[in-house]
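Undergrad: Quick one: this structure, given as structure tokens, is what I'll be asking you about.
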Amino acid sequence: STGQFCSYEDAANVMREWNKALKGGNSAPILLRISNAIFNAMFAAEPSTRALFNRVNVDDMHSGEFHAHSLRVVNALDNLINKLHNADTLTEMLAHLANQHNVRDGVRHHYFHVMRDIIYGSLGSLLDSYNEDAWRNCLFGIFRGIAKSLPD
Ligand code: HEM
């Protein structure tokens with residue numbers, strides 16, 4: 001298939017680099033570590049985002065509720081990344097995630113730019129190998145797909 005989100009080769013690199021970090025069976029602790037790093041950095045960069053996660057007990061980021069939330073987010077990211085060669089499926093998944101975010105008061109398009117830049121800046125130390133250009137090319141459409149109809 002032809003990559004609608006990014007080139008076939010960029011998508012292959014992104015999936016390989018991502019999946020390599022999760023190899024070895026028990027991926028939940030690795031996903032949680034990635035998720036915690038991303039959320040902590042986002043709350044530091046944009047403190048107003050923290051209260052959006054009160055329902056999932058953000059006050060205790062080690063709580064079961066916040067871990068469960070973190071796993072929902074990073075599992076979703078994992079599923080999206082692994083559909084980079086299936087543009088139709090990926091488009092449907094993004095539409096569903098866009099709806100789930102559109103209904104949440106206070107979620108802004110801008111926050112997705114903040115999170116995106118955090119992810120670009122942190123994957124280099126979270127992954128064994130990191131082809132930043134490929135990630136930028138492929139994640140652009142993923143973030144846009146979720147955030148495009150959110151208020152600025
Ligand atoms: C690639 C980026 C992201 C992915 C894959 C993602 C994924 C998800 C998923 C799967 C859920 C659970 C949906 C549900 O069960 O209703 C969720 C909830 C949520 N997301 Fe995101 N998200 C992303 C970025 C963001 C950003 C940047 C923000 C805003 C700062 C945000 C704010 C929220 C909020 C407020 C909830 C609801 C939390 C709750 O359950 O109370 N998300 N997200």
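Every chain in the structure tokens takes a letter, A first, then B, and so on in the order presented; its residues are numbered from 1, and the ligands are numbered from 1 following the presented order.
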Near region 105-121 of chain A, within 12 Å and counting only C-alpha atoms, which residues show up once chain neighbours fewer than 3 positions away are dropped, as a ChimeraX atom specification?

TA: /A:34-53,74,77,98-102,124-127,130-152

Undergrad: Pick the closest to ligand 1 from A:Arg33, A:His96, A:Arg55, A:His62: which is it, counting only C-alpha atoms and all ligand atoms?

TA: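 Nearest to ligand 1: A:Arg55.
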
Undergrad: Determine the nearest neighbour of ligand 1 from the options A:Lys83, A:His67, A:Arg16, A:Arg104, counting only C-alpha atoms and all ligand atoms.

TA: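 Checking each of A:Lys83, A:His67, A:Arg16, A:Arg104 against ligand 1, counting only C-alpha atoms and all ligand atoms, the winner is A:Arg104.
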
Undergrad: Run DSSP on the backbone and grab whatever in region 13-78 of chain A lands in alpha helix (DSSP H); send it over as a PyMOL selection string.

TA: chain A and resi 13-22+28-45+64-78

Undergrad: Set the distance at 10 Å and use only C-alpha atoms: which residues neighbour Ser129 (chain A) once local chain neighbours fewer than 6 positions away are removed? I'd like the list as JSON, numbers by chain.

TA: {"A": [13, 14, 16, 17, 18, 20, 21, 123]}

Undergrad: Compare A:Leu32, A:Leu22, A:Asn79, A:Ser7 by their minimum atom-to-atom distance to ligand 1, counting only C-alpha atoms and all ligand atoms, and give me the closest one.

TA: A:Asn79

Undergrad: Given the choices A:Ser63, A:Ser70, A:Gln4, A:Asn82, which gets closest to ligand 1 if the distance is worked out from only C-alpha atoms and all ligand atoms?

TA: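 Of all the options, A:Ser70 lies closest to ligand 1.
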
Undergrad: Using only C-alpha atoms, pick whichever of A:Ile81, A:Leu31, A:Leu90, A:Asn26 has the shortest atom-to-atom distance to His69 (chain A).

TA: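 Ranking A:Ile81, A:Leu31, A:Leu90, A:Asn26 by distance to His69 (chain A), first place goes to A:Leu31.
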
Undergrad: Of the candidates A:Leu80, A:His85, A:Glu9, A:Gly64, which shows the shortest atom-to-atom distance to ligand 1, using only C-alpha atoms and all ligand atoms?

TA: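 For ligand 1, the nearest of the given residues is A:Leu80.
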
Undergrad: Report, in Å with one decimal, the straight-line distance from atom 12 (C, counted along the ligand's line) of ligand 1 to CA of Asp88 (chain A).

TA: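 Between these atoms lies a distance of 21.1 Å.
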